[in-house]
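Q: Input file: work02.cif. Contents: mmCIF, C-alpha atoms and all ligand atoms.
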data_upload
loop_
_atom_site.label_atom_id
_atom_site.label_comp_id
_atom_site.auth_asym_id
_atom_site.auth_seq_id
_atom_site.Cartn_x
_atom_site.Cartn_y
_atom_site.Cartn_z
CA MET B 30 -12.44 -25.70 15.16
CA ARG B 31 -10.72 -22.80 13.45
CA HIS B 32 -11.76 -19.23 12.87
CA TYR B 33 -12.66 -18.23 9.34
CA GLU B 34 -14.01 -15.38 7.32
CA LEU B 35 -15.85 -16.11 4.10
CA LEU B 36 -16.64 -13.44 1.55
CA VAL B 37 -18.97 -14.18 -1.35
CA VAL B 38 -19.82 -11.93 -4.26
CA VAL B 39 -23.36 -12.59 -5.42
CA LYS B 40 -24.81 -11.70 -8.83
CA PRO B 41 -26.33 -8.22 -8.78
CA THR B 42 -29.39 -9.32 -10.79
CA LEU B 43 -31.11 -11.18 -7.94
CA THR B 44 -34.15 -9.79 -6.19
CA VAL B 45 -34.10 -9.26 -2.44
CA GLU B 46 -35.97 -12.52 -1.78
CA GLU B 47 -33.73 -14.50 -4.11
CA LEU B 48 -30.65 -13.07 -2.42
CA GLN B 49 -31.95 -13.97 1.03
CA ALA B 50 -32.79 -17.47 -0.21
CA LYS B 51 -29.27 -17.92 -1.54
CA LEU B 52 -27.73 -16.64 1.68
CA SER B 53 -29.82 -18.92 3.87
CA PHE B 54 -28.87 -21.76 1.52
CA LEU B 55 -25.21 -20.94 2.11
CA LYS B 56 -25.77 -20.67 5.86
CA GLU B 57 -27.42 -24.07 5.82
CA ILE B 58 -24.43 -25.57 4.03
CA LEU B 59 -22.07 -24.03 6.56
CA GLU B 60 -24.06 -25.27 9.53
CA LYS B 61 -24.49 -28.72 8.03
CA ASN B 62 -20.71 -28.98 7.83
CA GLY B 63 -20.32 -28.14 11.51
CA ALA B 64 -19.72 -24.41 11.26
CA VAL B 65 -20.94 -22.00 13.93
CA ILE B 66 -21.72 -18.63 12.37
CA ALA B 67 -20.76 -15.75 14.63
CA ALA B 68 -21.75 -12.85 12.42
CA THR B 69 -23.01 -11.99 8.94
CA LEU B 70 -22.34 -8.69 7.25
CA GLU B 71 -24.10 -7.61 4.08
CA MET B 72 -21.95 -4.95 2.49
CA GLY B 73 -24.52 -4.22 -0.20
CA THR B 74 -24.17 -3.97 -3.94
CA ARG B 75 -21.09 -2.13 -5.10
CA LYS B 76 -19.07 -1.56 -8.21
CA LEU B 77 -16.56 -4.24 -9.09
CA ALA B 78 -13.00 -3.21 -9.88
CA TYR B 79 -13.25 -5.19 -13.10
CA GLN B 80 -15.94 -7.09 -14.95
CA ILE B 81 -16.75 -10.60 -13.76
CA ASP B 82 -18.91 -12.64 -16.15
CA LYS B 83 -20.00 -9.37 -17.79
CA PHE B 84 -21.24 -8.00 -14.45
CA GLU B 85 -20.23 -4.47 -13.50
CA ARG B 86 -21.59 -4.70 -9.97
CA GLY B 87 -21.76 -7.34 -7.28
CA THR B 88 -23.34 -7.88 -3.86
CA TYR B 89 -20.77 -8.48 -1.15
CA VAL B 90 -21.64 -10.63 1.86
CA VAL B 91 -19.21 -11.64 4.61
CA PHE B 92 -19.58 -14.49 7.10
CA TYR B 93 -17.53 -14.87 10.26
CA PHE B 94 -17.60 -18.39 11.65
CA THR B 95 -15.71 -21.18 13.33
CA ALA B 96 -15.57 -24.52 11.60
CA PRO B 97 -13.60 -27.76 11.47
CA THR B 98 -10.93 -27.70 8.75
CA ALA B 99 -12.60 -30.38 6.63
CA ALA B 100 -15.74 -28.25 6.22
CA ILE B 101 -14.02 -25.60 4.11
CA ALA B 102 -13.28 -27.82 1.12
CA GLU B 103 -16.88 -29.02 0.97
CA VAL B 104 -18.33 -25.51 1.34
CA GLU B 105 -16.03 -24.15 -1.36
CA ARG B 106 -16.97 -27.00 -3.68
CA LEU B 107 -20.66 -26.14 -3.30
CA ILE B 108 -20.03 -22.43 -3.80
CA ARG B 109 -18.20 -23.20 -7.04
CA ILE B 110 -21.20 -25.18 -8.29
CA THR B 111 -23.72 -22.47 -7.42
CA GLU B 112 -23.97 -20.04 -10.31
CA GLU B 113 -25.20 -17.08 -8.28
CA PHE B 114 -21.88 -16.76 -6.44
CA ILE B 115 -19.43 -15.14 -8.83
CA ARG B 116 -16.50 -14.81 -6.44
CA PHE B 117 -15.58 -16.07 -2.98
CA MET B 118 -12.66 -15.84 -0.58
CA THR B 119 -12.05 -17.83 2.59
CA VAL B 120 -9.53 -16.46 5.05
CA LYS B 121 -8.20 -18.39 8.02
CA PHE B 122 -7.45 -16.53 11.27
CA GLU B 123 -4.75 -18.21 13.30
CA ASN B 124 -2.42 -16.15 15.44
CA GLN B 125 -3.28 -13.87 18.36
CA LYS B 126 -3.42 -10.65 16.38
CA GLU B 127 -5.56 -12.13 13.63
CA LEU B 128 -7.98 -13.58 16.17
CA ARG B 129 -8.23 -10.24 17.91
CA PHE B 130 -9.27 -8.71 14.60
CA TRP B 131 -11.81 -11.49 14.06
CA ASN B 132 -13.36 -10.86 17.47
CA LYS B 133 -13.38 -7.12 16.86
CA GLN B 134 -15.24 -7.57 13.57
CA VAL B 135 -17.82 -9.90 15.10
CA GLU B 136 -18.34 -7.46 17.93
CA LYS B 137 -18.74 -4.57 15.54
CA ILE B 138 -21.34 -6.39 13.45
CA THR B 139 -23.37 -7.73 16.37
CA LYS B 140 -23.36 -4.28 17.94
CA LYS B 141 -24.72 -2.79 14.73
CA SER B 142 -27.49 -5.30 14.10
CA ASP B 143 -28.72 -5.75 17.67
CA VAL B 144 -30.43 -2.99 19.55
CA ALA B 145 -29.11 -4.59 22.74
CA PRO B 146 -26.76 -2.51 24.88
CA VAL B 147 -23.03 -2.61 24.23
CA VAL B 148 -22.15 -4.51 27.38
CA GLU B 149 -24.29 -7.48 26.39
CA SER B 150 -22.79 -7.95 22.95
CA LYS B 151 -19.34 -7.83 24.48
CA GLU B 152 -20.26 -10.66 26.79
CA ILE B 153 -21.51 -12.74 23.90
CA VAL B 154 -18.23 -12.33 22.04
CA GLU B 155 -16.23 -13.24 25.11
CA GLU B 156 -18.30 -16.33 25.63
CA GLN B 157 -17.73 -17.41 22.06
CA GLN B 158 -14.04 -16.85 22.49
CA ALA B 159 -13.98 -18.99 25.59
CA THR B 160 -15.85 -21.86 23.97
CA THR B 161 -13.73 -21.91 20.84
CA GLU B 162 -10.51 -21.85 22.77
CA ALA B 163 -11.55 -24.72 24.98
CA MET T 12 30.38 12.82 5.13
CA ALA T 13 28.87 14.52 8.12
CA GLU T 14 26.19 16.03 5.96
CA LYS T 15 22.71 16.25 7.36
CA ARG T 16 19.95 14.20 5.81
CA LYS T 17 18.04 16.31 3.34
CA PHE T 18 14.76 14.45 3.62
CA ALA T 19 12.70 13.29 6.52
CA ARG T 20 13.43 9.73 7.48
CA LYS T 21 10.97 7.24 6.02
CA TYR T 22 8.89 5.39 8.52
CA CYS T 23 6.19 2.75 8.44
CA LYS T 24 2.77 4.39 8.45
CA TYR T 25 1.09 1.16 9.48
CA CYS T 26 3.36 0.91 12.53
CA GLU T 27 2.53 4.48 13.41
CA ALA T 28 -1.19 3.70 13.21
CA LYS T 29 -0.55 0.47 15.20
CA VAL T 30 -2.24 -1.69 12.59
CA GLU T 31 -2.42 -5.31 13.73
CA TYR T 32 -4.24 -6.80 10.81
CA ILE T 33 -4.79 -5.43 7.33
CA ASP T 34 -8.26 -6.17 6.05
CA TYR T 35 -8.33 -6.80 2.32
CA LYS T 36 -11.91 -5.51 2.01
CA ASP T 37 -10.79 -2.03 3.05
CA ALA T 38 -9.41 -0.42 -0.11
CA LYS T 39 -8.56 2.80 1.74
CA ILE T 40 -5.94 1.21 3.96
CA LEU T 41 -4.29 -0.49 0.95
CA ARG T 42 -4.25 2.65 -1.17
CA HIS T 43 -1.08 3.94 0.52
CA SER T 44 0.94 0.98 -0.74
CA LEU T 45 -0.42 1.10 -4.30
CA SER T 46 0.83 3.15 -7.21
CA GLU T 47 -1.41 5.20 -9.50
CA ARG T 48 -1.75 2.16 -11.69
CA TYR T 49 -2.60 -0.06 -8.75
CA LYS T 50 0.76 -1.80 -8.67
CA ILE T 51 2.21 -2.79 -5.32
CA MET T 52 4.75 -0.14 -4.34
CA PRO T 53 8.16 -1.32 -3.14
CA ARG T 54 9.13 -0.94 0.47
CA ARG T 55 11.96 1.43 -0.36
CA LEU T 56 9.45 3.99 -1.64
CA THR T 57 6.69 3.69 0.92
CA GLY T 58 8.89 3.15 3.97
CA ASN T 59 6.78 0.21 5.13
CA CYS T 60 8.49 -2.18 7.51
CA LYS T 61 8.96 -5.74 6.33
CA ARG T 62 6.27 -7.17 8.57
CA HIS T 63 3.65 -4.73 7.37
CA GLN T 64 4.76 -4.96 3.75
CA GLU T 65 4.12 -8.69 3.82
CA MET T 66 0.68 -8.14 5.33
CA VAL T 67 -0.11 -5.51 2.70
CA GLU T 68 1.05 -7.74 -0.15
CA LEU T 69 -1.24 -10.55 0.96
CA ALA T 70 -4.16 -8.19 1.47
CA ILE T 71 -3.68 -6.60 -1.96
CA LYS T 72 -3.62 -9.97 -3.68
CA ARG T 73 -6.81 -10.99 -1.91
CA ALA T 74 -8.45 -7.66 -2.74
CA ARG T 75 -7.59 -8.13 -6.41
CA ALA T 76 -9.08 -11.62 -6.48
CA THR T 77 -12.37 -10.38 -5.05
CA ALA T 78 -12.58 -7.32 -7.34
CA VAL T 79 -12.17 -4.82 -4.51
CA ILE T 80 -9.21 -3.26 -6.35
CA PRO T 81 -8.25 -3.85 -10.00
CA TYR T 82 -5.40 -6.02 -11.23
CA ILE T 83 -4.50 -3.51 -13.93
CA ILE T 84 -5.65 -0.15 -15.14
CA ASP T 85 -6.67 -0.57 -18.75
CA THR T 86 -5.03 2.19 -20.78
CA GLN T 87 -6.78 1.16 -23.98
CA LYS T 88 -10.26 1.39 -22.55
CA VAL T 89 -10.37 4.66 -20.66
CA VAL T 90 -12.90 4.64 -17.84
CA ALA T 91 -15.51 7.37 -17.69
CA VAL T 92 -14.89 8.28 -14.05
CA PRO T 93 -11.37 7.09 -13.20
CA PHE T 94 -11.36 8.20 -9.55
CA GLU T 95 -14.73 6.85 -8.60
CA GLN T 96 -12.99 4.00 -6.78
CA LEU T 97 -11.15 6.37 -4.50
CA GLN T 98 -14.25 8.10 -3.28
CA GLN T 99 -15.69 4.99 -1.68
ZN ZN J 201 5.19 -1.51 10.10
#
Could I get this structure in the form of structure tokens?
Ligand SMILES: [Zn+2]
A:
Amino acid sequence: MRHYELLVVVKPTLTVEELQAKLSFLKEILEKNGAVIAATLEMGTRKLAYQIDKFERGTYVVFYFTAPTAAIAEVERLIRITEEFIRFMTVKFENQKELRFWNKQVEKITKKSDVAPVVESKEIVEEQQATTEA
Amino acid sequence: MAEKRKFARKYCKYCEAKVEYIDYKDAKILRHSLSERYKIMPRRLTGNCKRHQEMVELAIKRARATAVIPYIIDTQKVVAVPFEQLQQ
């Protein structure tokens, strides 16, 4: 199991329900391939630096997860097929410093979305760290 | 040759800020190493250390691929609000 970050840019024309459907579809793919999603961050719709398929704007969504290496190729293949995803980027986190950043990001996101106190979310992150290292 | 240096010594701003990892989604942090035309600035001008320069290069290339920052600034097609990107 390795630590990854996956960013997808979704078409801006989708409705809220359609977007959620697409995201849960992607989550399903990830989980089917053995990935454990640690955090999801929806960065909202923002202006693209340049046009992609005639779109001026795109919806950015980031996933933080751990997965076996073989899963990535399959997930990327399916993203390429799906028309609603106009861009994607998978980043691998390997060394100590990169992993620290990964944990920090997950912590930040879980803290934001949960109303639970800070101490609890910290424990969750530490637990995840322990299990993935084992 | 015992002249004093006329300019302040260049130093790595990322080292000063103790940056461990440069996130490509954060355009603000990359901005320092980009020229006006969004080209990657050489180390001799920014004063970045080699380690951080390599991290910045990778992050910039990823940011370009995901349309966070542009590959080029189109001089033929002038944008209505050129500095809108910076305000984010
Ligand atoms: Zn440095």
Q: Near chain T, which residues of chain B fall within 10 Å when you count all atoms listed in the file, and what do they look like as an mmCIF file with C-alpha atoms, keeping the file's coordinate frame?
A:
data_model
loop_
_atom_site.group_PDB
_atom_site.id
_atom_site.type_symbol
_atom_site.label_atom_id
_atom_site.label_comp_id
_atom_site.auth_asym_id
_atom_site.auth_seq_id
_atom_site.Cartn_x
_atom_site.Cartn_y
_atom_site.Cartn_z
ATOM 1 C CA LEU B 36 -16.640 -13.440 1.550
ATOM 2 C CA VAL B 37 -18.970 -14.180 -1.350
ATOM 3 C CA VAL B 38 -19.820 -11.930 -4.260
ATOM 4 C CA ARG B 75 -21.090 -2.130 -5.100
ATOM 5 C CA LYS B 76 -19.070 -1.560 -8.210
ATOM 6 C CA LEU B 77 -16.560 -4.240 -9.090
ATOM 7 C CA ALA B 78 -13.000 -3.210 -9.880
ATOM 8 C CA TYR B 79 -13.250 -5.190 -13.100
ATOM 9 C CA GLN B 80 -15.940 -7.090 -14.950
ATOM 10 C CA ILE B 81 -16.750 -10.600 -13.760
ATOM 11 C CA ARG B 86 -21.590 -4.700 -9.970
ATOM 12 C CA GLY B 87 -21.760 -7.340 -7.280
ATOM 13 C CA TYR B 89 -20.770 -8.480 -1.150
ATOM 14 C CA VAL B 91 -19.210 -11.640 4.610
ATOM 15 C CA ILE B 115 -19.430 -15.140 -8.830
ATOM 16 C CA ARG B 116 -16.500 -14.810 -6.440
ATOM 17 C CA PHE B 117 -15.580 -16.070 -2.980
ATOM 18 C CA MET B 118 -12.660 -15.840 -0.580
ATOM 19 C CA THR B 119 -12.050 -17.830 2.590
ATOM 20 C CA VAL B 120 -9.530 -16.460 5.050
ATOM 21 C CA GLN B 125 -3.280 -13.870 18.360
ATOM 22 C CA LYS B 126 -3.420 -10.650 16.380
ATOM 23 C CA GLU B 127 -5.560 -12.130 13.630
ATOM 24 C CA LEU B 128 -7.980 -13.580 16.170
ATOM 25 C CA ARG B 129 -8.230 -10.240 17.910
ATOM 26 C CA PHE B 130 -9.270 -8.710 14.600
ATOM 27 C CA TRP B 131 -11.810 -11.490 14.060
#
Q: Let me make sure I understand: among T:Arg48, T:Lys72, T:Lys24, T:Arg55, which one has the smallest atom-to-atom distance to ligand ZN 201 (chain J) if we use all atoms listed in the file?
A: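 Comparing T:Arg48, T:Lys72, T:Lys24, T:Arg55 against ligand ZN 201 (chain J), the winner is T:Lys24.
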Q: Identify, counting only C-alpha atoms and all ligand atoms, the protein, DNA and RNA residues located within 7 Å of ligand ZN 201 (chain J), and give them as a list of chain:residue names.
A: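 Counting only C-alpha atoms and all ligand atoms, the residues within 7 Å of ligand ZN 201 (chain J) come out as T:Cys23, T:Lys24, T:Tyr25, T:Cys26, T:Asn59, T:Cys60, T:Lys61, T:Arg62, T:His63.
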Q: Contacts of Ala68 of chain B at 12 Å or less, counting all atoms listed in the file, minus same-chain residues fewer than 3 places along, as a count of residues only?
A: 31
Q: With all atoms listed in the file as the basis for distance, which of B:Asn62, B:Thr74, B:Thr69, B:Thr88 is at the shortest distance from Ala100 of chain B?
A: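 Residue with the minimum atom-to-atom distance to Ala100 of chain B: B:Asn62.
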Q: May I ask for the distance between atom CA of Lys61 of chain B and atom CA of Val39 of chain B, given in Å to one decimal place?
A: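 The value is 21.0 Å.
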Q: Report, in Å with one decimal, the straight-line distance from atom CA of Gly73 of chain B to atom CA of Leu55 of chain B.
A: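 Computing the Euclidean distance for atom CA of Gly73 of chain B and atom CA of Leu55 of chain B yields 16.9 Å.
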Q: Calculate how many Å separate atom CA of Leu48 of chain B from atom CA of Phe114 of chain B, rounding to one decimal.
A: 10.3 Å
Q: Can you list, as a PDB file with C-alpha atoms, keeping the file's coordinate frame, every protein, DNA or RNA residue that comes within 8 Å of Pro97 of chain B when you count all atoms listed in the file, leaving out same-chain residues fewer than 5 positions away?
A:
ATOM      1  CA  MET B  30     -12.440 -25.700  15.160  1.00  0.00           C
ATOM      2  CA  ARG B  31     -10.720 -22.800  13.450  1.00  0.00           C
ATOM      3  CA  GLY B  63     -20.320 -28.140  11.510  1.00  0.00           C
ATOM      4  CA  ALA B  64     -19.720 -24.410  11.260  1.00  0.00           C
TER       5      ALA B  64
END
